[in-house]
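Reviewing the structure listed below.
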Amino acid sequence: MTDGERGGPDDAILRVRDVRKSYRSGGGMLEVLRGVDFAIAPGGFVAVVGQSGSGKSTLLHLMGLLDAPDAGEVHLDGGRIDDLPAHRRDRIRNTAIGMVFQSYHLLPELDALENVLAPLMVRHGVLDWLRVRGRARERAADLLGRFGLGGRLHHKPRQLSGGEMQRVAIARALVTEPRVLLADEPTGNLDEDSGAGILDTLCELNARDGLSIVLVTHDAAVARRAAGVVRLAAGRVAAA
Amino acid sequence: MYKLLLCWRYLRTRWIALVCVASVMLGVATMIVVNAVMAGFSHEMQTRIHGILSDLVFESHSLSGFQDPRWHMDEIGRAAGADIAGMTPTVAVPAMLSFQVRGQWLTRQVMFIGIDESTHSLVSDFGHYLQHPENRRQLSFQLRDGGYDTFDSQADGEAGEGGPTRPAMAGAGWPHRRMRVAREKLWREKAARAGGQADDDSRPVRPVDQQVDAVLAATSPGVEPAGGDAPRRDPFRAARPEEGETMDPAREQFTGIVPGIGLASFRDSDGVDRFLVLPGDDVKITFPTAGTPPKAVSDTFTIVDFYESKMSEYDSNFVFVPIEALQRMRGMIDPQTGVPSCNSIQIRLKPGADLDAVRDRLRKVFPAEMYAISTWRDKQGPLLSAVDMEMAVLNILLFLIIAVAGFGILAIFFMIVVEKTRDIGILKSLGAGSAGIAGIFLGYGLFLGLVGAGVGTALGLAITWNINSIRAGVEWCTGQRVFDPSIYYFFKIPTIVDPFTVAWIVAGAVGIAVAASVLPALRAARLHPVEALRHD
């Protein structure tokens, strides 16, 4: 394990420091994260592994600003981001972080191309959008083409296979040119071949484009594809 | 941008939303139709009231009136001359009108109004409501030689359709009068031959047309009506030297009057007007003199036309007569100076003049103890405000229909928010803010409101503009009379579409649609992204 994965280097893109998170569960509180330190260096590819309920998804949500830690800090490029006002956190989520989920999470009303364009539409107002629309569509179509979906731009999610949907989701995460890609069990719902294809894609993005990737998985075989592995157990980072 | 796109997609893919659109649409359409019809009725009524009443009425509290209307008119002119388009003096007294129908005397309580035939049409639309086309052009209290309308001249579009609605008016005027005189003469002769004392006042009328024709041909000037005839009893006979000592009712008339049509006719359920008396018939009117205490005097008058304002209150109450005749008969002319009195002055203002301001200026000049100065709106205040209130209440009730549509939107939107919870989580993970998420649902509500209000407006206007065809269709289908002209005195349902009202209705409907989507939108905005993403 290198310093990069343990939150050592100063040039980490995304870093969490001693974050804690508990959820109300039944009558009491369930402590999911009990002080976790984690960082991802530029160009890094780290897999976070652990059993179900070990807090790996929660960690990813905190890094992606979808949830706020009870204690601890989240830093992006050296600046703290978890305590920013809501609109700035929204902005960071939109521009700096790309997320991919186990169940794809595509918008069913939109076709593949529109789904990829969605983050850009969120970013731009109507008038602004009219100005950048041409370029954005070109870029989204390029991305989909690169993932072998050039012929399926106008298919609705329900007309696509699981692997195709996940590739659309990756394209959506990348269309904003994020600093880091957070993937939460991206192969969990896929058969072996499709899952392997998705992992190949992620590895290629990391190797060729230098994209920083945090991959959450419970599957050791999947984790092996990453450059580094962090193991979570009982809400803490365990020795890998 | 995503807000617009998603609104549009949700609108296109959620057909349940069309239920909201339909209820907003129906509410808007109903409100537009009801408002247009109510405004039509109200406008029709106001036009009629205003057509009868002049803009301002300057009245004396006393039945005897005030002296020298000329001086008063000059004073009024000095106080508000710039705004005044015309003035005319009138005398109005309560009176009783009696006429004979089939041997039976009918008496009606009326308002007997003396008007100046040359200037009265300057201050009101009086002339417009008469039945003879010539009288509509210029009123005359001389009986016309026929040519009275046999249909309702104000029922534009449907005038004369399906035959005349007033066939009796075809013979009105001098022909009717000559026929009647001849018939009466024949009865008297028959009665005389039978040896009985002629008492035409109680004799039933029977058609005896052929004999009447013969007598008609023989009628010649100088034939004096039999004893006991009205002119003989006329107490003011001496005051009217121009009529001569004796008169021939077949060639001469008494002082002309114009009674309201409601006094002389009734409308049956087929929309045909049946007349009790016609222009050319003589009637007796009993009215008070100007002295104190007033004494009742009677005179005989000849009906020369009918007045039909379509306001039954006026049509069954007013009888118009030349003002000089009434002043003379009531003793309102000073015997020494010859200066007449009158008890009101009707004033018409120039277009655009402020009624209330002119009224207030005149009130400052003329003491309130002596004179009552009121606008036509003041005069009909209770009626007009009752109509306004009816409209307001109706609007509130109808607006509740749209409010109900609002609750429909609220419920359906909550459903859509629950259904779309995961999508909301996705959008949040892509960086959409809470305001943006709320904006999707507010925009969606706005879309629904606009579409509903737009279609509703189109539907409402289409119904309004074709309401009379729709009425005819409904009547044809059900066989029931939906709009009975004998009740309303209109042949068509009047409608007025006020763009301002329509704009308010549309704005209200859209406002309700947006307001109803506020709660669901807030709920959507507050969803926690992680929980939303986990939602199935």
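Labeling convention for the structure tokens: chains A, B, ... as they appear, residues from 1 per chain, ligands from 1 in order of appearance.
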
Residues of chain B no more than 12 Å from chain A, counting only C-alpha atoms: send them over as a VMD selection string. chain B and resid 1 to 14 419 to 437 439 to 440 527 to 536

Write the selection just made, keeping N, CA and C atoms, as a short mmCIF file (atom, residue, chain, number, x, y, z; two decimals), in the first residue's frame?
data_model
loop_
_atom_site.label_atom_id
_atom_site.label_comp_id
_atom_site.auth_asym_id
_atom_site.auth_seq_id
_atom_site.Cartn_x
_atom_site.Cartn_y
_atom_site.Cartn_z
N MET B 1 -31.95 23.97 -17.29
CA MET B 1 -32.46 23.40 -18.53
C MET B 1 -33.16 22.07 -18.27
N TYR B 2 -32.58 21.27 -17.36
CA TYR B 2 -33.16 19.95 -17.08
C TYR B 2 -34.57 20.06 -16.57
N LYS B 3 -34.87 21.24 -15.91
CA LYS B 3 -36.21 21.42 -15.35
C LYS B 3 -37.24 21.41 -16.48
N LEU B 4 -36.93 22.23 -17.51
CA LEU B 4 -37.85 22.32 -18.64
C LEU B 4 -38.04 20.96 -19.29
N LEU B 5 -36.90 20.30 -19.54
CA LEU B 5 -36.96 19.01 -20.24
C LEU B 5 -37.79 18.01 -19.45
N LEU B 6 -37.53 17.96 -18.13
CA LEU B 6 -38.24 16.96 -17.31
C LEU B 6 -39.72 17.31 -17.17
N CYS B 7 -40.02 18.62 -17.02
CA CYS B 7 -41.43 19.04 -16.97
C CYS B 7 -42.14 18.52 -18.20
N TRP B 8 -41.50 18.78 -19.32
CA TRP B 8 -42.11 18.41 -20.60
C TRP B 8 -42.30 16.90 -20.69
N ARG B 9 -41.25 16.16 -20.28
CA ARG B 9 -41.35 14.70 -20.36
C ARG B 9 -42.42 14.16 -19.43
N TYR B 10 -42.50 14.77 -18.21
CA TYR B 10 -43.51 14.31 -17.26
C TYR B 10 -44.90 14.61 -17.78
N LEU B 11 -45.03 15.77 -18.42
CA LEU B 11 -46.33 16.16 -18.97
C LEU B 11 -46.75 15.19 -20.05
N ARG B 12 -45.74 14.74 -20.82
CA ARG B 12 -46.07 13.86 -21.94
C ARG B 12 -46.30 12.42 -21.51
N THR B 13 -45.66 12.03 -20.40
CA THR B 13 -45.73 10.60 -20.06
C THR B 13 -46.68 10.30 -18.91
N ARG B 14 -47.14 11.34 -18.19
CA ARG B 14 -48.03 11.09 -17.05
C ARG B 14 -49.45 11.48 -17.45
N GLU B 419 -43.48 8.62 -6.74
CA GLU B 419 -43.08 7.76 -7.85
C GLU B 419 -41.69 8.14 -8.37
N LYS B 420 -41.39 9.41 -8.30
CA LYS B 420 -40.15 9.92 -8.90
C LYS B 420 -39.05 10.13 -7.86
N THR B 421 -39.25 9.57 -6.68
CA THR B 421 -38.27 9.82 -5.62
C THR B 421 -36.85 9.46 -6.05
N ARG B 422 -36.72 8.32 -6.69
CA ARG B 422 -35.38 7.90 -7.08
C ARG B 422 -34.78 8.86 -8.11
N ASP B 423 -35.63 9.31 -9.05
CA ASP B 423 -35.14 10.27 -10.06
C ASP B 423 -34.66 11.55 -9.39
N ILE B 424 -35.39 11.93 -8.34
CA ILE B 424 -35.00 13.15 -7.62
C ILE B 424 -33.63 12.95 -6.97
N GLY B 425 -33.43 11.74 -6.39
CA GLY B 425 -32.12 11.42 -5.83
C GLY B 425 -31.04 11.45 -6.90
N ILE B 426 -31.34 10.91 -8.06
CA ILE B 426 -30.36 10.91 -9.16
C ILE B 426 -29.98 12.33 -9.52
N LEU B 427 -31.00 13.18 -9.68
CA LEU B 427 -30.73 14.57 -10.06
C LEU B 427 -29.88 15.24 -9.00
N LYS B 428 -30.16 14.96 -7.74
CA LYS B 428 -29.37 15.58 -6.68
C LYS B 428 -27.93 15.09 -6.74
N SER B 429 -27.75 13.79 -7.05
CA SER B 429 -26.38 13.28 -7.15
C SER B 429 -25.65 13.90 -8.34
N LEU B 430 -26.41 14.40 -9.30
CA LEU B 430 -25.77 15.04 -10.45
C LEU B 430 -25.53 16.52 -10.19
N GLY B 431 -25.90 16.98 -9.00
CA GLY B 431 -25.61 18.37 -8.65
C GLY B 431 -26.80 19.29 -8.71
N ALA B 432 -28.00 18.76 -8.90
CA ALA B 432 -29.17 19.63 -8.92
C ALA B 432 -29.46 20.09 -7.50
N GLY B 433 -29.76 21.39 -7.35
CA GLY B 433 -30.04 21.93 -6.04
C GLY B 433 -31.50 21.70 -5.65
N SER B 434 -31.80 21.96 -4.37
CA SER B 434 -33.18 21.81 -3.90
C SER B 434 -34.11 22.74 -4.65
N ALA B 435 -33.64 23.96 -4.90
CA ALA B 435 -34.48 24.93 -5.61
C ALA B 435 -34.81 24.41 -7.01
N GLY B 436 -33.80 23.80 -7.63
CA GLY B 436 -34.01 23.28 -8.98
C GLY B 436 -35.04 22.17 -8.99
N ILE B 437 -34.94 21.27 -7.99
CA ILE B 437 -35.89 20.16 -7.90
C ILE B 437 -37.30 20.70 -7.68
N GLY B 439 -38.27 23.52 -8.52
CA GLY B 439 -38.63 24.18 -9.78
C GLY B 439 -39.27 23.23 -10.78
N ILE B 440 -38.81 21.96 -10.82
CA ILE B 440 -39.40 21.00 -11.74
C ILE B 440 -40.90 20.88 -11.48
N LEU B 527 -36.18 16.00 -0.02
CA LEU B 527 -35.79 14.59 0.01
C LEU B 527 -34.28 14.47 0.22
N HIS B 528 -33.90 13.54 1.04
CA HIS B 528 -32.47 13.31 1.25
C HIS B 528 -31.94 12.48 0.08
N PRO B 529 -30.85 12.95 -0.54
CA PRO B 529 -30.41 12.26 -1.77
C PRO B 529 -30.12 10.77 -1.55
N VAL B 530 -29.46 10.42 -0.42
CA VAL B 530 -29.10 9.01 -0.22
C VAL B 530 -30.35 8.16 -0.06
N GLU B 531 -31.31 8.66 0.76
CA GLU B 531 -32.54 7.91 0.94
C GLU B 531 -33.33 7.83 -0.35
N ALA B 532 -33.29 8.93 -1.10
CA ALA B 532 -34.03 8.96 -2.36
C ALA B 532 -33.45 7.94 -3.33
N LEU B 533 -32.12 7.84 -3.34
CA LEU B 533 -31.48 6.89 -4.27
C LEU B 533 -31.81 5.45 -3.89
N ARG B 534 -32.02 5.21 -2.61
CA ARG B 534 -32.31 3.85 -2.18
C ARG B 534 -33.76 3.46 -2.43
N HIS B 535 -34.61 4.48 -2.69
CA HIS B 535 -36.05 4.25 -2.85
C HIS B 535 -36.33 3.36 -4.06
N ASP B 536 -37.21 2.39 -3.87
CA ASP B 536 -37.56 1.52 -5.00
C ASP B 536 -38.87 1.98 -5.60
#

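Rounded to one decimal, CA of Ala207 in chain A and CA of Asp142 in chain A lie 19.0 Å from each other.
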
Hey, what's within 10 Å of Gln159 in chain A if we count only C-alpha atoms and toss same-chain stuff fewer than 6 positions away? As a list in words, please?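 After dropping sequence-adjacent residues, the list is Asp111, Ala112, Arg152 and Met165 of chain A.
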
Selection to disk with N, CA and C atoms, as an mmCIF file, in the first residue's frame:
data_model
loop_
_atom_site.group_PDB
_atom_site.id
_atom_site.type_symbol
_atom_site.label_atom_id
_atom_site.label_comp_id
_atom_site.auth_asym_id
_atom_site.auth_seq_id
_atom_site.Cartn_x
_atom_site.Cartn_y
_atom_site.Cartn_z
ATOM 1 N N ASP A 111 -33.612 9.554 -23.042
ATOM 2 C CA ASP A 111 -32.874 8.530 -23.783
ATOM 3 C C ASP A 111 -31.400 8.568 -23.363
ATOM 4 N N ALA A 112 -30.605 7.669 -23.960
ATOM 5 C CA ALA A 112 -29.207 7.524 -23.518
ATOM 6 C C ALA A 112 -28.460 8.849 -23.630
ATOM 7 N N ARG A 152 -26.898 3.613 -30.155
ATOM 8 C CA ARG A 152 -28.034 3.518 -29.223
ATOM 9 C C ARG A 152 -28.317 4.838 -28.519
ATOM 10 N N MET A 165 -26.539 0.024 -19.881
ATOM 11 C CA MET A 165 -27.004 1.084 -18.980
ATOM 12 C C MET A 165 -25.861 1.584 -18.114
#

Got a sec: who's within 10 Å of Asp149 in chain B, counting only C-alpha atoms, leaving out chain neighbours fewer than 5 positions off, as an MDAnalysis selection string? chainID B and resid 130:133 160 164:170 172

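Between CA of Asp125 in chain B and CA of Asp152 in chain B lies a distance of 16.5 Å.
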
Write out as a PyMOL selection string the residues lying within 10 Å of range 514-519 of chain B, counting only C-alpha atoms and excluding same-chain residues fewer than 3 positions away. chain B and resi 403+405-414+438-450+508-511+522-525

Selected residues written out with C-alpha atoms, as an mmCIF file, in the first residue's frame:
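Saved the output as part.cif:
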data_model
loop_
_atom_site.group_PDB
_atom_site.id
_atom_site.type_symbol
_atom_site.label_atom_id
_atom_site.label_comp_id
_atom_site.auth_asym_id
_atom_site.auth_seq_id
_atom_site.Cartn_x
_atom_site.Cartn_y
_atom_site.Cartn_z
ATOM 1 C CA ALA B 403 -59.736 25.279 -6.107
ATOM 2 C CA ALA B 405 -59.011 21.138 -9.234
ATOM 3 C CA GLY B 406 -56.094 22.516 -7.219
ATOM 4 C CA PHE B 407 -56.540 19.809 -4.606
ATOM 5 C CA GLY B 408 -56.563 17.259 -7.408
ATOM 6 C CA ILE B 409 -53.250 18.612 -8.593
ATOM 7 C CA LEU B 410 -51.916 18.489 -5.051
ATOM 8 C CA ALA B 411 -52.852 14.828 -4.629
ATOM 9 C CA ILE B 412 -51.607 13.742 -8.026
ATOM 10 C CA PHE B 413 -48.370 15.647 -7.598
ATOM 11 C CA PHE B 414 -47.683 14.002 -4.276
ATOM 12 C CA ALA B 438 -38.732 22.297 -6.511
ATOM 13 C CA GLY B 439 -38.635 24.184 -9.782
ATOM 14 C CA ILE B 440 -39.404 20.995 -11.743
ATOM 15 C CA PHE B 441 -42.663 20.495 -9.875
ATOM 16 C CA LEU B 442 -43.608 24.162 -9.764
ATOM 17 C CA GLY B 443 -42.915 24.341 -13.477
ATOM 18 C CA TYR B 444 -44.939 21.204 -13.994
ATOM 19 C CA GLY B 445 -47.833 22.807 -12.091
ATOM 20 C CA LEU B 446 -47.416 25.943 -14.160
ATOM 21 C CA PHE B 447 -47.518 23.887 -17.366
ATOM 22 C CA LEU B 448 -50.680 22.103 -16.234
ATOM 23 C CA GLY B 449 -52.264 25.382 -15.200
ATOM 24 C CA LEU B 450 -51.383 27.068 -18.476
ATOM 25 C CA GLY B 508 -56.333 32.698 -10.954
ATOM 26 C CA ALA B 509 -56.430 29.197 -12.412
ATOM 27 C CA VAL B 510 -52.712 29.191 -13.165
ATOM 28 C CA GLY B 511 -52.042 30.619 -9.709
ATOM 29 C CA LEU B 522 -41.161 21.366 -1.219
ATOM 30 C CA ARG B 523 -41.409 17.725 -0.301
ATOM 31 C CA ALA B 524 -39.383 16.805 -3.375
ATOM 32 C CA ALA B 525 -36.811 19.468 -2.618
#

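Note that the spacing between CA of Ala503 in chain B and CA of Pro520 in chain B amounts to 26.7 Å.
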